[in-house]
Amino acid sequence: MVENKKAPKIRFVGFTDAWEKRKLGEVATAITRTDSESTAPVMMISAASGFINQSDKYSSDNAGQSLEKYILLKKGELAYNHGASKYRQYGSCFDLKVDEARIPFVYHCFEVGNNNSDFIARELNDPRIDTQLRRLVSSGARMDGLLNISFEAYKTLTISLPQNDEQDKISAFFLMLDNLITLHQRKYNKLVVMKKSMLEKMFPKNGSNVPEIRFAGFTDAWEQHKLGAVCTINGRIGFRGYTQKDIIAKEEGGILTFSPTNIVDNKLTLDVRNTYITEAKYNESPEIKITNGDILFVKTGSTLGKSALVSGLEEPASINPQIVVLRTDENQRQLILAELATKGIQSQVLAVKIGGAIPTMTETKLKEVELYLPRSLDESKKIGGYFQQLDNLITLYQRKLEKLKKIKKAMLEKMFV
């Protein structure tokens, strides 16, 4: 016999009653309300973001000329996506948080009486509901070739409900978390946009030898250099490449070997599936033994042109054949790192790449890439320091975002039955 009442692992103080298992149909009522005169925005469901204004995604707020009617949804009412294709995720459900909106009939709409609609929407999007949704889809009908969950079938989902005041508490907690995530996401996005803009304005472009924006006190024209003249560039020489027999587990004494997957958003990460090679193979190429302060540059593969500074490395490391290591004067290191990400450098990389299934840039061509550097090392250090500080802020907000998302994921698992 299946237990009908349970309690979550984490609860607010004062709540002790067990949650009660209910069929969604016991609390949900379909909404078919229409209003041809309504000027409310047309909204659609994004499985990742909930309701979004369709005009934010498309040029018009109309869902398309083929749609002749909309359901008028009011604040606190819900809609779920009942169809599935490679473009839409079946079962995603959200409650409306604006006063009203027109919802295309490709979504089913319903209300949940005096229950907290945000709480129920979160429960219906919980991964633990997926098993029930998959069961409905596997046994359900098809509509125009798409998987389809009718409202009658959807109402058979089993959910667990606490008393209304506990629903409200839980909902308020997650709304607060969502607001924090949104705030940090906006700050992160703003910093990323700022960096992109400053990369274009603080380096010379379009044949000019001075940047658009400079620190006070610097007026000299910048000098053009070949990358190979200001950096030593080393890669894994062909005959020193490694094969499967050279790859071993870290626990067996393997040496970390960076690949393009270790460079994400021009930052080095170890949070991927790393490759480790034997110590003998590592010692075979001392010129590519990686240390802090090295710049890694992807010369082969889909992320051709990406680069990252090595910092905080606490173990021996090398590189695979898709990466080269750049070394330069520490006073210019941060400046060159930033300039490698500019459109001017990236366009040169793309212009000389060897085509085919796997785009490649030879080390010879990389050495010929032209860049501008200030005459003054002080200016180099100031610009490099500026972008280093900007990168640190971007990383800070990225980590805060990741932490908040992990907290939310953990609490969703522990505060729902």
# chains A, B, ... in the order shown; residues from 1 in each chain; ligands from 1

$ residues_around --residues "Asn53 in chain A" --least-positions-apart "3" --cutoff "7 Å" --atoms "only C-alpha atoms" --output "list in words"
Pro41, Val42, Met43, Met44 and Asp56 of chain A

$ write_last_selection --atoms "N, CA and C atoms" --output "PDB file, in the first residue's frame"
ATOM      1  N   PRO A  41      -0.550  41.573 -23.670  1.00  0.00           N
ATOM      2  CA  PRO A  41       0.538  40.996 -24.475  1.00  0.00           C
ATOM      3  C   PRO A  41       0.341  39.509 -24.721  1.00  0.00           C
ATOM      4  N   VAL A  42       0.860  39.058 -25.858  1.00  0.00           N
ATOM      5  CA  VAL A  42       0.853  37.629 -26.148  1.00  0.00           C
ATOM      6  C   VAL A  42       2.074  37.004 -25.479  1.00  0.00           C
ATOM      7  N   MET A  43       1.839  35.975 -24.688  1.00  0.00           N
ATOM      8  CA  MET A  43       2.943  35.317 -24.002  1.00  0.00           C
ATOM      9  C   MET A  43       3.015  33.850 -24.389  1.00  0.00           C
ATOM     10  N   MET A  44       4.224  33.330 -24.341  1.00  0.00           N
ATOM     11  CA  MET A  44       4.468  31.928 -24.637  1.00  0.00           C
ATOM     12  C   MET A  44       5.316  31.352 -23.508  1.00  0.00           C
ATOM     13  N   ASP A  56       9.293  39.950 -27.294  1.00  0.00           N
ATOM     14  CA  ASP A  56      10.703  39.988 -26.912  1.00  0.00           C
ATOM     15  C   ASP A  56      11.518  39.000 -27.718  1.00  0.00           C
TER      16      ASP A  56
END

$ residues_around --residues "Met198 in chain A" --least-positions-apart "3" --cutoff "12 Å" --atoms "only C-alpha atoms" --output "CSV table (one decimal) with C-alpha atoms, in the first residue's frame"
chain,number,residue,atom,x,y,z
A,191,LEU,CA,29.8,43.2,-17.0
A,192,VAL,CA,30.1,40.8,-20.0
A,193,VAL,CA,28.7,43.5,-22.3
A,194,MET,CA,30.9,46.1,-20.8
A,195,LYS,CA,34.0,44.0,-21.4
A,201,LYS,CA,37.4,50.8,-27.6
A,202,MET,CA,40.6,50.3,-25.7
A,203,PHE,CA,42.6,48.8,-28.6
A,204,PRO,CA,43.3,50.4,-32.0
A,211,PRO,CA,42.6,53.5,-29.3
A,212,GLU,CA,39.3,55.3,-28.9
A,213,ILE,CA,39.5,55.3,-25.1
A,214,ARG,CA,42.8,55.8,-23.1
A,338,ALA,CA,42.8,40.9,-23.6
A,339,GLU,CA,43.8,41.8,-27.1
A,341,ALA,CA,39.9,38.4,-27.7
A,342,THR,CA,39.3,41.5,-29.8
A,343,LYS,CA,37.6,41.4,-33.2
A,383,ILE,CA,45.0,48.4,-19.5
A,384,GLY,CA,45.9,44.9,-18.5
A,386,TYR,CA,41.7,47.0,-16.0
A,387,PHE,CA,40.7,43.9,-17.9
A,390,LEU,CA,36.9,43.2,-15.0

$ residues_around --residues "Glu330 in chain A" --least-positions-apart "2" --cutoff "12 Å" --atoms "only C-alpha atoms" --output "JSON list (two decimals) with C-alpha atoms, in the first residue's frame"
[["chain", "number", "residue", "atom", "x", "y", "z"],
["A", 230, "VAL", "CA", 56.46, 39.55, -28.52],
["A", 231, "CYS", "CA", 55.57, 36.00, -27.46],
["A", 292, "ASN", "CA", 50.95, 29.89, -13.96],
["A", 293, "GLY", "CA", 51.23, 32.96, -16.17],
["A", 294, "ASP", "CA", 51.15, 30.99, -19.44],
["A", 295, "ILE", "CA", 48.51, 31.86, -22.04],
["A", 309, "LEU", "CA", 45.42, 32.64, -18.78],
["A", 326, "LEU", "CA", 52.15, 31.72, -25.41],
["A", 327, "ARG", "CA", 54.69, 33.27, -23.05],
["A", 328, "THR", "CA", 55.50, 36.95, -22.84],
["A", 332, "GLN", "CA", 52.30, 42.92, -21.16],
["A", 333, "ARG", "CA", 50.73, 39.56, -20.35],
["A", 334, "GLN", "CA", 47.27, 40.79, -19.31],
["A", 335, "LEU", "CA", 47.14, 43.29, -22.17],
["A", 336, "ILE", "CA", 47.99, 40.66, -24.78],
["A", 337, "LEU", "CA", 45.52, 38.24, -23.22],
["A", 377, "LEU", "CA", 54.84, 49.63, -20.28],
["A", 378, "ASP", "CA", 52.90, 51.69, -17.73],
["A", 380, "SER", "CA", 50.22, 48.28, -20.92],
["A", 381, "LYS", "CA", 50.03, 47.50, -17.20],
["A", 384, "GLY", "CA", 45.94, 44.86, -18.54],
["A", 385, "GLY", "CA", 45.06, 45.57, -14.92]]

$ atom_distance --atom1 "CA of Arg134 in chain A" --atom2 "CA of Leu24 in chain A"
16.3 Å

$ closest_residue --among "A:Ser197, A:Ile129, A:Asn164, A:Pro321" --to "Glu20 in chain A" --atoms "only C-alpha atoms"
A:Asn164

$ select_by_dssp --residues "range 83-141 of chain A" --states "strand (DSSP E or B)" --output "list in words"
Gly83, Ala84, Cys93, Phe94, Asp95, Glu100, Ala101, Arg102, Ile103, Pro104, Tyr107, His108, Cys109, Phe110 and Glu111 of chain A

$ write_last_selection --atoms "C-alpha atoms" --output "compact mmCIF listing (two decimals), in the first residue's frame"
# COMPACT_ATOMS: atom_id res chain seq x y z
CA GLY A 83 2.73 19.14 -27.10
CA ALA A 84 6.30 18.06 -27.73
CA CYS A 93 4.12 24.61 -16.55
CA PHE A 94 4.18 28.14 -15.10
CA ASP A 95 1.88 30.56 -13.36
CA GLU A 100 -3.14 39.39 -17.66
CA ALA A 101 -1.90 38.00 -20.96
CA ARG A 102 -3.15 36.37 -24.13
CA ILE A 103 -1.94 32.77 -24.36
CA PRO A 104 -1.84 30.92 -27.71
CA TYR A 107 -0.93 25.73 -24.33
CA HIS A 108 -3.59 24.41 -21.93
CA CYS A 109 -4.60 26.85 -19.18
CA PHE A 110 -6.04 26.18 -15.73
CA GLU A 111 -6.46 27.59 -12.22

$ decode --residues "range 213-265 of chain A" --atoms "C-alpha atoms" --output "compact mmCIF listing (two decimals), in the first residue's frame"
# COMPACT_ATOMS: atom_id res chain seq x y z
CA ILE A 213 39.54 55.33 -25.08
CA ARG A 214 42.78 55.78 -23.11
CA PHE A 215 43.89 56.36 -19.55
CA ALA A 216 44.82 59.97 -18.79
CA GLY A 217 48.41 60.96 -19.50
CA PHE A 218 49.07 58.61 -22.43
CA THR A 219 49.19 60.12 -25.93
CA ASP A 220 51.87 58.22 -27.89
CA ALA A 221 50.83 56.16 -30.89
CA TRP A 222 50.84 52.40 -30.36
CA GLU A 223 53.31 50.20 -32.22
CA GLN A 224 52.41 47.30 -34.48
CA HIS A 225 54.08 43.95 -33.77
CA LYS A 226 53.93 40.36 -34.94
CA LEU A 227 52.63 38.07 -32.21
CA GLY A 228 55.69 35.85 -32.66
CA ALA A 229 57.98 38.84 -31.95
CA VAL A 230 56.46 39.55 -28.52
CA CYS A 231 55.57 36.00 -27.46
CA THR A 232 57.30 32.67 -27.58
CA ILE A 233 54.85 30.16 -29.03
CA ASN A 234 55.16 26.42 -28.47
CA GLY A 235 52.90 23.52 -29.31
CA ARG A 236 53.07 19.76 -29.11
CA ILE A 237 55.39 18.68 -31.93
CA GLY A 238 53.83 16.03 -34.14
CA PHE A 239 56.24 13.20 -33.38
CA ARG A 240 55.74 13.88 -29.66
CA GLY A 241 52.00 13.50 -29.84
CA TYR A 242 50.43 10.92 -27.62
CA THR A 243 48.29 7.88 -28.28
CA GLN A 244 45.81 5.94 -26.18
CA LYS A 245 48.62 4.00 -24.50
CA ASP A 246 50.02 7.29 -23.11
CA ILE A 247 46.71 8.18 -21.43
CA ILE A 248 46.31 6.96 -17.86
CA ALA A 249 44.16 7.79 -14.86
CA LYS A 250 45.09 10.64 -12.55
CA GLU A 251 45.17 8.15 -9.68
CA GLU A 252 47.87 6.20 -11.52
CA GLY A 253 50.16 9.23 -11.57
CA GLY A 254 48.73 10.82 -14.72
CA ILE A 255 49.73 14.40 -15.63
CA LEU A 256 46.95 16.86 -16.51
CA THR A 257 46.83 17.72 -20.22
CA PHE A 258 44.78 20.76 -21.26
CA SER A 259 42.50 20.55 -24.28
CA PRO A 260 40.10 23.08 -25.87
CA THR A 261 37.33 21.83 -23.56
CA ASN A 262 39.27 23.33 -20.66
CA ILE A 263 38.73 26.83 -22.10
CA VAL A 264 35.23 28.18 -21.54
CA ASP A 265 34.40 31.86 -22.18
